[in-house]
>>> print(open('entry.cif').read())   # mmCIF, N, CA and C atoms and all ligand atoms
data_entry
loop_
_atom_site.label_atom_id
_atom_site.label_comp_id
_atom_site.auth_asym_id
_atom_site.auth_seq_id
_atom_site.Cartn_x
_atom_site.Cartn_y
_atom_site.Cartn_z
N MET A 15 2.04 -106.48 0.10
CA MET A 15 2.92 -105.31 0.21
C MET A 15 2.61 -104.51 1.49
N THR A 16 3.61 -104.17 2.19
CA THR A 16 3.41 -103.30 3.35
C THR A 16 3.21 -101.87 2.88
N GLU A 17 2.73 -101.06 3.77
CA GLU A 17 2.55 -99.66 3.42
C GLU A 17 3.91 -99.02 3.11
N TYR A 18 4.90 -99.40 3.88
CA TYR A 18 6.25 -98.88 3.66
C TYR A 18 6.74 -99.26 2.26
N GLY A 19 6.51 -100.53 1.88
CA GLY A 19 6.96 -100.98 0.57
C GLY A 19 6.29 -100.23 -0.57
N ASP A 20 5.00 -99.95 -0.42
CA ASP A 20 4.28 -99.20 -1.45
C ASP A 20 4.84 -97.80 -1.61
N LEU A 21 5.13 -97.17 -0.48
CA LEU A 21 5.67 -95.82 -0.53
C LEU A 21 7.03 -95.82 -1.23
N GLU A 22 7.85 -96.82 -0.88
CA GLU A 22 9.18 -96.87 -1.49
C GLU A 22 9.09 -97.15 -3.00
N LYS A 23 8.13 -97.98 -3.40
CA LYS A 23 7.95 -98.23 -4.84
C LYS A 23 7.53 -96.95 -5.56
N ARG A 24 6.66 -96.19 -4.90
CA ARG A 24 6.20 -94.93 -5.49
C ARG A 24 7.37 -93.95 -5.61
N ARG A 25 8.20 -93.94 -4.57
CA ARG A 25 9.36 -93.05 -4.60
C ARG A 25 10.31 -93.42 -5.73
N GLN A 26 10.51 -94.72 -5.94
CA GLN A 26 11.42 -95.17 -7.00
C GLN A 26 10.84 -94.85 -8.37
N ARG A 27 9.53 -95.07 -8.53
CA ARG A 27 8.89 -94.79 -9.82
C ARG A 27 8.98 -93.30 -10.14
N ALA A 28 8.71 -92.48 -9.13
CA ALA A 28 8.77 -91.03 -9.33
C ALA A 28 10.19 -90.61 -9.73
N ALA A 29 11.18 -91.17 -9.07
CA ALA A 29 12.57 -90.81 -9.37
C ALA A 29 12.92 -91.19 -10.81
N ARG A 30 12.42 -92.35 -11.26
CA ARG A 30 12.70 -92.77 -12.64
C ARG A 30 12.01 -91.85 -13.64
N ASN A 31 10.72 -91.56 -13.39
CA ASN A 31 9.98 -90.67 -14.29
C ASN A 31 10.63 -89.30 -14.36
N GLN A 32 10.98 -88.77 -13.19
CA GLN A 32 11.52 -87.43 -13.14
C GLN A 32 12.90 -87.37 -13.77
N SER A 33 13.61 -88.48 -13.76
CA SER A 33 14.92 -88.52 -14.39
C SER A 33 14.80 -88.35 -15.90
N LEU A 34 13.67 -88.76 -16.48
CA LEU A 34 13.45 -88.55 -17.92
C LEU A 34 13.35 -87.06 -18.23
N PHE A 35 12.64 -86.32 -17.37
CA PHE A 35 12.53 -84.87 -17.58
C PHE A 35 13.89 -84.21 -17.39
N ARG A 36 14.67 -84.77 -16.50
CA ARG A 36 16.02 -84.25 -16.28
C ARG A 36 16.85 -84.40 -17.56
N GLU A 37 16.67 -85.52 -18.25
CA GLU A 37 17.39 -85.72 -19.52
C GLU A 37 16.96 -84.68 -20.56
N VAL A 38 15.65 -84.40 -20.60
CA VAL A 38 15.14 -83.38 -21.52
C VAL A 38 15.83 -82.04 -21.23
N ASN A 39 15.92 -81.69 -19.97
CA ASN A 39 16.54 -80.41 -19.61
C ASN A 39 18.03 -80.36 -19.94
N GLU A 40 18.68 -81.50 -19.88
CA GLU A 40 20.09 -81.53 -20.27
C GLU A 40 20.23 -81.16 -21.75
N ARG A 41 19.29 -81.63 -22.58
CA ARG A 41 19.34 -81.29 -24.01
C ARG A 41 19.00 -79.81 -24.21
N ILE A 42 18.02 -79.32 -23.45
CA ILE A 42 17.66 -77.90 -23.55
C ILE A 42 18.87 -77.03 -23.21
N GLU A 43 19.57 -77.42 -22.16
CA GLU A 43 20.75 -76.63 -21.78
C GLU A 43 21.80 -76.63 -22.90
N ASP A 44 22.00 -77.78 -23.53
CA ASP A 44 22.97 -77.87 -24.62
C ASP A 44 22.66 -76.87 -25.73
N LEU A 45 21.38 -76.62 -25.96
CA LEU A 45 20.95 -75.76 -27.06
C LEU A 45 20.88 -74.29 -26.67
N SER A 46 21.10 -73.97 -25.40
CA SER A 46 20.82 -72.60 -24.96
C SER A 46 21.97 -72.00 -24.16
N SER A 47 23.19 -72.33 -24.53
CA SER A 47 24.33 -71.93 -23.71
C SER A 47 24.52 -70.42 -23.59
N SER A 48 24.10 -69.65 -24.58
CA SER A 48 24.40 -68.22 -24.53
C SER A 48 23.27 -67.38 -23.94
N ALA A 49 22.09 -67.96 -23.77
CA ALA A 49 20.95 -67.18 -23.28
C ALA A 49 21.13 -66.84 -21.80
N THR A 50 20.64 -65.68 -21.40
CA THR A 50 20.67 -65.33 -19.97
C THR A 50 19.73 -66.27 -19.23
N PHE A 51 18.49 -66.32 -19.70
CA PHE A 51 17.52 -67.25 -19.14
C PHE A 51 17.17 -68.30 -20.19
N ALA A 52 17.08 -69.54 -19.77
CA ALA A 52 16.63 -70.59 -20.66
C ALA A 52 15.34 -71.16 -20.09
N THR A 53 14.52 -71.73 -20.97
CA THR A 53 13.25 -72.29 -20.54
C THR A 53 13.38 -73.79 -20.41
N PHE A 54 13.35 -74.26 -19.17
CA PHE A 54 13.46 -75.68 -18.88
C PHE A 54 12.09 -76.25 -18.60
N VAL A 55 11.97 -77.58 -18.64
CA VAL A 55 10.69 -78.21 -18.31
C VAL A 55 10.66 -78.53 -16.82
N CYS A 56 9.46 -78.48 -16.27
CA CYS A 56 9.25 -78.86 -14.87
C CYS A 56 9.56 -80.35 -14.72
N GLU A 57 10.34 -80.70 -13.71
CA GLU A 57 10.73 -82.10 -13.49
C GLU A 57 9.89 -82.76 -12.39
N CYS A 58 8.67 -82.30 -12.21
CA CYS A 58 7.84 -82.88 -11.15
C CYS A 58 7.33 -84.26 -11.56
N MET A 59 6.70 -84.97 -10.60
CA MET A 59 6.31 -86.36 -10.85
C MET A 59 5.02 -86.49 -11.68
N SER A 60 4.31 -85.40 -11.92
CA SER A 60 3.08 -85.48 -12.69
C SER A 60 3.39 -85.75 -14.16
N GLU A 61 2.85 -86.85 -14.70
CA GLU A 61 3.12 -87.18 -16.09
C GLU A 61 2.39 -86.26 -17.05
N THR A 62 1.42 -85.51 -16.55
CA THR A 62 0.66 -84.60 -17.41
C THR A 62 1.13 -83.16 -17.28
N CYS A 63 2.08 -82.89 -16.43
CA CYS A 63 2.58 -81.52 -16.26
C CYS A 63 3.36 -81.12 -17.50
N ASP A 64 3.00 -79.97 -18.07
CA ASP A 64 3.77 -79.48 -19.22
C ASP A 64 4.21 -78.04 -18.98
N GLU A 65 4.41 -77.70 -17.73
CA GLU A 65 4.81 -76.33 -17.41
C GLU A 65 6.32 -76.16 -17.58
N SER A 66 6.70 -74.93 -17.79
CA SER A 66 8.12 -74.65 -17.97
C SER A 66 8.61 -73.72 -16.86
N VAL A 67 9.91 -73.68 -16.71
CA VAL A 67 10.56 -72.89 -15.66
C VAL A 67 11.72 -72.13 -16.28
N SER A 68 11.82 -70.83 -16.00
CA SER A 68 12.95 -70.05 -16.51
C SER A 68 14.07 -70.01 -15.49
N LEU A 69 15.24 -70.40 -15.94
CA LEU A 69 16.42 -70.39 -15.07
C LEU A 69 17.60 -69.88 -15.88
N THR A 70 18.55 -69.30 -15.20
CA THR A 70 19.81 -69.03 -15.88
C THR A 70 20.56 -70.36 -15.98
N VAL A 71 21.47 -70.42 -16.94
CA VAL A 71 22.27 -71.63 -17.09
C VAL A 71 23.08 -71.88 -15.80
N GLU A 72 23.49 -70.79 -15.18
CA GLU A 72 24.24 -70.91 -13.91
C GLU A 72 23.39 -71.57 -12.82
N GLU A 73 22.14 -71.14 -12.71
CA GLU A 73 21.24 -71.75 -11.72
C GLU A 73 21.02 -73.23 -12.04
N TYR A 74 20.85 -73.51 -13.32
CA TYR A 74 20.63 -74.90 -13.74
C TYR A 74 21.85 -75.75 -13.42
N GLU A 75 23.03 -75.25 -13.71
CA GLU A 75 24.27 -75.99 -13.44
C GLU A 75 24.43 -76.26 -11.94
N HIS A 76 24.04 -75.31 -11.14
CA HIS A 76 24.13 -75.48 -9.68
C HIS A 76 23.25 -76.66 -9.24
N ILE A 77 22.04 -76.75 -9.79
CA ILE A 77 21.14 -77.86 -9.44
C ILE A 77 21.74 -79.19 -9.90
N ARG A 78 22.27 -79.23 -11.13
CA ARG A 78 22.78 -80.48 -11.70
C ARG A 78 24.09 -80.93 -11.08
N SER A 79 24.69 -80.07 -10.26
CA SER A 79 25.96 -80.46 -9.63
C SER A 79 25.77 -81.51 -8.55
N THR A 80 24.52 -81.78 -8.17
CA THR A 80 24.22 -82.82 -7.19
C THR A 80 23.28 -83.83 -7.84
N GLY A 81 23.56 -85.14 -7.65
CA GLY A 81 22.77 -86.16 -8.35
C GLY A 81 21.32 -86.23 -7.93
N ASN A 82 21.07 -86.15 -6.64
CA ASN A 82 19.69 -86.27 -6.16
C ASN A 82 19.02 -84.90 -6.06
N ARG A 83 18.81 -84.27 -7.22
CA ARG A 83 18.14 -82.96 -7.26
C ARG A 83 17.24 -82.89 -8.48
N PHE A 84 16.05 -82.33 -8.27
CA PHE A 84 15.13 -82.09 -9.38
C PHE A 84 14.58 -80.68 -9.27
N LEU A 85 14.28 -80.15 -10.44
CA LEU A 85 13.80 -78.79 -10.59
C LEU A 85 12.29 -78.85 -10.81
N VAL A 86 11.51 -78.22 -9.94
CA VAL A 86 10.05 -78.24 -10.11
C VAL A 86 9.48 -76.84 -9.90
N ARG A 87 8.29 -76.64 -10.45
CA ARG A 87 7.57 -75.39 -10.24
C ARG A 87 7.10 -75.32 -8.79
N PRO A 88 7.01 -74.12 -8.22
CA PRO A 88 6.41 -74.01 -6.88
C PRO A 88 5.00 -74.62 -6.91
N GLY A 89 4.67 -75.43 -5.93
CA GLY A 89 3.37 -76.10 -5.89
C GLY A 89 3.38 -77.48 -6.52
N HIS A 90 4.46 -77.84 -7.20
CA HIS A 90 4.54 -79.17 -7.84
C HIS A 90 5.36 -80.15 -7.01
N TYR A 91 5.50 -79.82 -5.77
CA TYR A 91 6.32 -80.65 -4.88
C TYR A 91 5.41 -81.63 -4.14
N GLU A 92 5.90 -82.86 -3.99
CA GLU A 92 5.10 -83.95 -3.40
C GLU A 92 5.79 -84.40 -2.11
N PRO A 93 5.26 -84.02 -0.94
CA PRO A 93 5.97 -84.25 0.32
C PRO A 93 6.24 -85.71 0.68
N ASP A 94 5.45 -86.66 0.14
CA ASP A 94 5.69 -88.08 0.43
C ASP A 94 6.98 -88.59 -0.18
N ILE A 95 7.37 -88.00 -1.29
CA ILE A 95 8.49 -88.58 -2.06
C ILE A 95 9.71 -87.69 -2.14
N GLU A 96 9.59 -86.43 -1.71
CA GLU A 96 10.73 -85.52 -1.86
C GLU A 96 10.69 -84.42 -0.81
N GLU A 97 11.83 -83.77 -0.63
CA GLU A 97 11.89 -82.63 0.29
C GLU A 97 12.49 -81.45 -0.45
N ILE A 98 12.07 -80.25 -0.03
CA ILE A 98 12.58 -79.02 -0.66
C ILE A 98 13.94 -78.68 -0.06
N VAL A 99 14.92 -78.48 -0.92
CA VAL A 99 16.23 -78.10 -0.41
C VAL A 99 16.59 -76.65 -0.74
N GLU A 100 15.96 -76.10 -1.77
CA GLU A 100 16.17 -74.71 -2.13
C GLU A 100 14.93 -74.23 -2.84
N GLY A 101 14.78 -72.92 -2.97
CA GLY A 101 13.64 -72.45 -3.73
C GLY A 101 13.56 -70.95 -3.79
N ASN A 102 12.79 -70.46 -4.76
CA ASN A 102 12.48 -69.04 -4.86
C ASN A 102 11.10 -68.94 -5.51
N ASP A 103 10.71 -67.76 -5.98
CA ASP A 103 9.35 -67.63 -6.53
C ASP A 103 9.21 -68.26 -7.92
N ARG A 104 10.32 -68.63 -8.57
CA ARG A 104 10.25 -69.26 -9.89
C ARG A 104 10.29 -70.78 -9.85
N PHE A 105 11.09 -71.32 -8.93
CA PHE A 105 11.25 -72.78 -8.91
C PHE A 105 11.66 -73.28 -7.54
N LEU A 106 11.47 -74.59 -7.33
CA LEU A 106 11.95 -75.27 -6.14
C LEU A 106 12.96 -76.31 -6.59
N VAL A 107 13.91 -76.60 -5.71
CA VAL A 107 14.84 -77.70 -5.94
C VAL A 107 14.49 -78.75 -4.88
N VAL A 108 14.20 -79.96 -5.35
CA VAL A 108 13.78 -81.02 -4.42
C VAL A 108 14.77 -82.18 -4.48
N ALA A 109 14.85 -82.89 -3.35
CA ALA A 109 15.68 -84.10 -3.24
C ALA A 109 14.75 -85.26 -2.93
N LYS A 110 14.97 -86.39 -3.57
CA LYS A 110 14.15 -87.59 -3.36
C LYS A 110 14.42 -88.19 -1.99
N LEU A 111 13.37 -88.76 -1.41
CA LEU A 111 13.48 -89.41 -0.11
C LEU A 111 13.59 -90.93 -0.28
N GLY A 112 14.11 -91.58 0.74
CA GLY A 112 14.15 -93.04 0.79
C GLY A 112 14.89 -93.63 -0.39
N SER A 113 14.33 -94.70 -0.94
CA SER A 113 15.02 -95.38 -2.04
C SER A 113 14.97 -94.57 -3.33
N GLY A 114 14.11 -93.56 -3.39
CA GLY A 114 14.10 -92.68 -4.57
C GLY A 114 15.43 -91.94 -4.71
N ALA A 115 16.11 -91.71 -3.59
CA ALA A 115 17.38 -90.99 -3.64
C ALA A 115 18.43 -91.78 -4.40
N SER A 116 18.50 -93.10 -4.14
CA SER A 116 19.53 -93.88 -4.83
C SER A 116 19.19 -94.06 -6.30
N VAL A 117 17.89 -94.13 -6.63
CA VAL A 117 17.50 -94.19 -8.05
C VAL A 117 17.95 -92.90 -8.75
N SER A 118 17.74 -91.78 -8.09
CA SER A 118 18.12 -90.48 -8.67
C SER A 118 19.62 -90.39 -8.89
N GLU A 119 20.37 -90.86 -7.92
CA GLU A 119 21.83 -90.83 -8.05
C GLU A 119 22.28 -91.75 -9.19
N HIS A 120 21.66 -92.93 -9.24
CA HIS A 120 22.02 -93.91 -10.26
C HIS A 120 21.76 -93.38 -11.67
N LEU A 121 20.68 -92.63 -11.83
CA LEU A 121 20.29 -92.12 -13.14
C LEU A 121 20.83 -90.71 -13.40
N ASN A 122 21.72 -90.24 -12.57
CA ASN A 122 22.28 -88.90 -12.73
C ASN A 122 22.92 -88.75 -14.11
N PRO A 123 22.42 -87.84 -14.95
CA PRO A 123 22.96 -87.72 -16.31
C PRO A 123 24.42 -87.26 -16.34
N ARG A 124 24.91 -86.70 -15.26
CA ARG A 124 26.28 -86.19 -15.24
C ARG A 124 27.31 -87.26 -14.86
N THR A 125 26.86 -88.38 -14.33
CA THR A 125 27.84 -89.38 -13.90
C THR A 125 27.65 -90.74 -14.59
N ARG A 126 26.58 -90.89 -15.36
CA ARG A 126 26.35 -92.17 -16.01
C ARG A 126 27.38 -92.45 -17.09
ZN ZN A 201 5.28 -79.86 -12.78
#
>>> encode(input="entry.cif", output="structure tokens")
Amino acid sequence: MTEYGDLEKRRQRAARNQSLFREVNERIEDLSSSATFATFVCECMSETCDESVSLTVEEYEHIRSTGNRFLVRPGHYEPDIEEIVEGNDRFLVVAKLGSGASVSEHLNPRTR
């Protein structure tokens, strides 16, 4: 395996793992339509992360309107596999790099 290939495999694996957390958040949103703030799970690549993030449903919908987007806590961003596209003191919105981007689009819960 080349170094490039290893990085791309890592990016794809991260995108798949993080897509599972994205599915969890889709269910959370379904259950919390009337709340001003809802508590979503961090969609970072750490399998042991159990932190939560407070977002309005409007903020969450804005993130989900694009396939290659994940919601993570500040500090849970991994520069090898993703880039920050938006953020504030509560959360960051990240986009997958390289082949992780197409995995993210493919697993987009809104278009599958
Ligand atoms: Zn996290």
>>> closest_atom_pairs(input="entry.cif", of="chain A", to="ligand ZN 201 (chain A)", cutoff="12 Å", atoms="only C-alpha atoms and all ligand atoms", output="JSON lines")
{"residue": "A:Asn31", "atom": "CA", "partner": "A:ZN201", "partner_atom": "ZN", "distance": 11.9}
{"residue": "A:Gln32", "atom": "CA", "partner": "A:ZN201", "partner_atom": "ZN", "distance": 9.8}
{"residue": "A:Phe35", "atom": "CA", "partner": "A:ZN201", "partner_atom": "ZN", "distance": 10.0}
{"residue": "A:Phe54", "atom": "CA", "partner": "A:ZN201", "partner_atom": "ZN", "distance": 11.0}
{"residue": "A:Val55", "atom": "CA", "partner": "A:ZN201", "partner_atom": "ZN", "distance": 7.9}
{"residue": "A:Cys56", "atom": "CA", "partner": "A:ZN201", "partner_atom": "ZN", "distance": 4.6}
{"residue": "A:Glu57", "atom": "CA", "partner": "A:ZN201", "partner_atom": "ZN", "distance": 5.9}
{"residue": "A:Cys58", "atom": "CA", "partner": "A:ZN201", "partner_atom": "ZN", "distance": 4.3}
{"residue": "A:Met59", "atom": "CA", "partner": "A:ZN201", "partner_atom": "ZN", "distance": 6.9}
{"residue": "A:Ser60", "atom": "CA", "partner": "A:ZN201", "partner_atom": "ZN", "distance": 6.0}
{"residue": "A:Glu61", "atom": "CA", "partner": "A:ZN201", "partner_atom": "ZN", "distance": 8.3}
{"residue": "A:Thr62", "atom": "CA", "partner": "A:ZN201", "partner_atom": "ZN", "distance": 8.1}
{"residue": "A:Cys63", "atom": "CA", "partner": "A:ZN201", "partner_atom": "ZN", "distance": 4.7}
{"residue": "A:Asp64", "atom": "CA", "partner": "A:ZN201", "partner_atom": "ZN", "distance": 6.6}
{"residue": "A:Glu65", "atom": "CA", "partner": "A:ZN201", "partner_atom": "ZN", "distance": 5.8}
{"residue": "A:Ser66", "atom": "CA", "partner": "A:ZN201", "partner_atom": "ZN", "distance": 7.9}
{"residue": "A:Val67", "atom": "CA", "partner": "A:ZN201", "partner_atom": "ZN", "distance": 9.2}
{"residue": "A:Phe84", "atom": "CA", "partner": "A:ZN201", "partner_atom": "ZN", "distance": 10.7}
{"residue": "A:Leu85", "atom": "CA", "partner": "A:ZN201", "partner_atom": "ZN", "distance": 8.9}
{"residue": "A:Val86", "atom": "CA", "partner": "A:ZN201", "partner_atom": "ZN", "distance": 5.7}
{"residue": "A:Arg87", "atom": "CA", "partner": "A:ZN201", "partner_atom": "ZN", "distance": 5.6}
{"residue": "A:Pro88", "atom": "CA", "partner": "A:ZN201", "partner_atom": "ZN", "distance": 8.4}
{"residue": "A:Gly89", "atom": "CA", "partner": "A:ZN201", "partner_atom": "ZN", "distance": 8.1}
{"residue": "A:His90", "atom": "CA", "partner": "A:ZN201", "partner_atom": "ZN", "distance": 5.0}
{"residue": "A:Tyr91", "atom": "CA", "partner": "A:ZN201", "partner_atom": "ZN", "distance": 8.0}
{"residue": "A:Glu92", "atom": "CA", "partner": "A:ZN201", "partner_atom": "ZN", "distance": 10.2}
{"residue": "A:Phe105", "atom": "CA", "partner": "A:ZN201", "partner_atom": "ZN", "distance": 10.0}
{"residue": "A:Leu106", "atom": "CA", "partner": "A:ZN201", "partner_atom": "ZN", "distance": 10.5}
{"residue": "A:Val107", "atom": "CA", "partner": "A:ZN201", "partner_atom": "ZN", "distance": 12.0}
{"residue": "A:Val108", "atom": "CA", "partner": "A:ZN201", "partner_atom": "ZN", "distance": 12.0}
>>> atom_distance(input="entry.cif", atom1="CA of Ser79 (chain A)", atom2="CA of Ala109 (chain A)")
12.6 Å
>>> atom_distance(input="entry.cif", atom1="atom C of Arg78 (chain A)", atom2="atom C of Glu22 (chain A)")
23.5 Å
>>> atom_distance(input="entry.cif", atom1="atom C of Val71 (chain A)", atom2="atom C of Gly112 (chain A)")
27.9 Å
>>> select_by_dssp(input="entry.cif", residues="chain A", states="strand (DSSP E or B)", output="list in words")
Phe51, Ala52, Thr53, Phe54, Val55, Ser66, Val67, Ser68, Leu69, Thr70, Phe84, Leu85, Val86, Glu96, Glu97, Ile98, Val99, Glu100, Gly101, Leu106, Val107, Val108, Ala109 and Lys110 of chain A
>>> write_last_selection(input="entry.cif", atoms="N, CA and C atoms", output="PDB file, keeping the file's coordinate frame")
ATOM      1  N   PHE A  51      18.490 -66.320 -19.700  1.00  0.00           N
ATOM      2  CA  PHE A  51      17.520 -67.250 -19.140  1.00  0.00           C
ATOM      3  C   PHE A  51      17.170 -68.300 -20.190  1.00  0.00           C
ATOM      4  N   ALA A  52      17.080 -69.540 -19.770  1.00  0.00           N
ATOM      5  CA  ALA A  52      16.630 -70.590 -20.660  1.00  0.00           C
ATOM      6  C   ALA A  52      15.340 -71.160 -20.090  1.00  0.00           C
ATOM      7  N   THR A  53      14.520 -71.730 -20.970  1.00  0.00           N
ATOM      8  CA  THR A  53      13.250 -72.290 -20.540  1.00  0.00           C
ATOM      9  C   THR A  53      13.380 -73.790 -20.410  1.00  0.00           C
ATOM     10  N   PHE A  54      13.350 -74.260 -19.170  1.00  0.00           N
ATOM     11  CA  PHE A  54      13.460 -75.680 -18.880  1.00  0.00           C
ATOM     12  C   PHE A  54      12.090 -76.250 -18.600  1.00  0.00           C
ATOM     13  N   VAL A  55      11.970 -77.580 -18.640  1.00  0.00           N
ATOM     14  CA  VAL A  55      10.690 -78.210 -18.310  1.00  0.00           C
ATOM     15  C   VAL A  55      10.660 -78.530 -16.820  1.00  0.00           C
ATOM     16  N   SER A  66       6.700 -74.930 -17.790  1.00  0.00           N
ATOM     17  CA  SER A  66       8.120 -74.650 -17.970  1.00  0.00           C
ATOM     18  C   SER A  66       8.610 -73.720 -16.860  1.00  0.00           C
ATOM     19  N   VAL A  67       9.910 -73.680 -16.710  1.00  0.00           N
ATOM     20  CA  VAL A  67      10.560 -72.890 -15.660  1.00  0.00           C
ATOM     21  C   VAL A  67      11.720 -72.130 -16.280  1.00  0.00           C
ATOM     22  N   SER A  68      11.820 -70.830 -16.000  1.00  0.00           N
ATOM     23  CA  SER A  68      12.950 -70.050 -16.510  1.00  0.00           C
ATOM     24  C   SER A  68      14.070 -70.010 -15.490  1.00  0.00           C
ATOM     25  N   LEU A  69      15.240 -70.400 -15.940  1.00  0.00           N
ATOM     26  CA  LEU A  69      16.420 -70.390 -15.070  1.00  0.00           C
ATOM     27  C   LEU A  69      17.600 -69.880 -15.880  1.00  0.00           C
ATOM     28  N   THR A  70      18.550 -69.300 -15.200  1.00  0.00           N
ATOM     29  CA  THR A  70      19.810 -69.030 -15.880  1.00  0.00           C
ATOM     30  C   THR A  70      20.560 -70.360 -15.980  1.00  0.00           C
ATOM     31  N   PHE A  84      16.050 -82.330  -8.270  1.00  0.00           N
ATOM     32  CA  PHE A  84      15.130 -82.090  -9.380  1.00  0.00           C
ATOM     33  C   PHE A  84      14.580 -80.680  -9.270  1.00  0.00           C
ATOM     34  N   LEU A  85      14.280 -80.150 -10.440  1.00  0.00           N
ATOM     35  CA  LEU A  85      13.800 -78.790 -10.590  1.00  0.00           C
ATOM     36  C   LEU A  85      12.290 -78.850 -10.810  1.00  0.00           C
ATOM     37  N   VAL A  86      11.510 -78.220  -9.940  1.00  0.00           N
ATOM     38  CA  VAL A  86      10.050 -78.240 -10.110  1.00  0.00           C
ATOM     39  C   VAL A  86       9.480 -76.840  -9.900  1.00  0.00           C
ATOM     40  N   GLU A  96       9.590 -86.430  -1.710  1.00  0.00           N
ATOM     41  CA  GLU A  96      10.730 -85.520  -1.860  1.00  0.00           C
ATOM     42  C   GLU A  96      10.690 -84.420  -0.810  1.00  0.00           C
ATOM     43  N   GLU A  97      11.830 -83.770  -0.630  1.00  0.00           N
ATOM     44  CA  GLU A  97      11.890 -82.630   0.290  1.00  0.00           C
ATOM     45  C   GLU A  97      12.490 -81.450  -0.450  1.00  0.00           C
ATOM     46  N   ILE A  98      12.070 -80.250  -0.030  1.00  0.00           N
ATOM     47  CA  ILE A  98      12.580 -79.020  -0.660  1.00  0.00           C
ATOM     48  C   ILE A  98      13.940 -78.680  -0.060  1.00  0.00           C
ATOM     49  N   VAL A  99      14.920 -78.480  -0.920  1.00  0.00           N
ATOM     50  CA  VAL A  99      16.230 -78.100  -0.410  1.00  0.00           C
ATOM     51  C   VAL A  99      16.590 -76.650  -0.740  1.00  0.00           C
ATOM     52  N   GLU A 100      15.960 -76.100  -1.770  1.00  0.00           N
ATOM     53  CA  GLU A 100      16.170 -74.710  -2.130  1.00  0.00           C
ATOM     54  C   GLU A 100      14.930 -74.230  -2.840  1.00  0.00           C
ATOM     55  N   GLY A 101      14.780 -72.920  -2.970  1.00  0.00           N
ATOM     56  CA  GLY A 101      13.640 -72.450  -3.730  1.00  0.00           C
ATOM     57  C   GLY A 101      13.560 -70.950  -3.790  1.00  0.00           C
ATOM     58  N   LEU A 106      11.470 -74.590  -7.330  1.00  0.00           N
ATOM     59  CA  LEU A 106      11.950 -75.270  -6.140  1.00  0.00           C
ATOM     60  C   LEU A 106      12.960 -76.310  -6.590  1.00  0.00           C
ATOM     61  N   VAL A 107      13.910 -76.600  -5.710  1.00  0.00           N
ATOM     62  CA  VAL A 107      14.840 -77.700  -5.940  1.00  0.00           C
ATOM     63  C   VAL A 107      14.490 -78.750  -4.880  1.00  0.00           C
ATOM     64  N   VAL A 108      14.200 -79.960  -5.350  1.00  0.00           N
ATOM     65  CA  VAL A 108      13.780 -81.020  -4.420  1.00  0.00           C
ATOM     66  C   VAL A 108      14.770 -82.180  -4.480  1.00  0.00           C
ATOM     67  N   ALA A 109      14.850 -82.890  -3.350  1.00  0.00           N
ATOM     68  CA  ALA A 109      15.680 -84.100  -3.240  1.00  0.00           C
ATOM     69  C   ALA A 109      14.750 -85.260  -2.930  1.00  0.00           C
ATOM     70  N   LYS A 110      14.970 -86.390  -3.570  1.00  0.00           N
ATOM     71  CA  LYS A 110      14.150 -87.590  -3.360  1.00  0.00           C
ATOM     72  C   LYS A 110      14.420 -88.190  -1.990  1.00  0.00           C
TER      73      LYS A 110
END
>>> closest_residue(input="entry.cif", among="A:Phe51, A:Glu119, A:Asp94, A:Glu100", to="Gly81 (chain A)", atoms="all atoms listed in the file")
A:Glu119
>>> closest_residue(input="entry.cif", among="A:Leu121, A:Ile42, A:Leu69, A:Ala115", to="Asn102 (chain A)", atoms="only C-alpha atoms")
A:Leu69
>>> closest_residue(input="entry.cif", among="A:Lys110, A:His76, A:Arg41, A:Arg104", to="Ala29 (chain A)", atoms="all atoms listed in the file")
A:Lys110
>>> closest_residue(input="entry.cif", among="A:Glu40, A:Thr50, A:Arg126, A:Ser113", to="Arg27 (chain A)", atoms="all atoms listed in the file")
A:Ser113
>>> closest_residue(input="entry.cif", among="A:Ser68, A:Arg24, A:Asn122, A:Asn39", to="Ala52 (chain A)", atoms="all atoms listed in the file")
A:Ser68
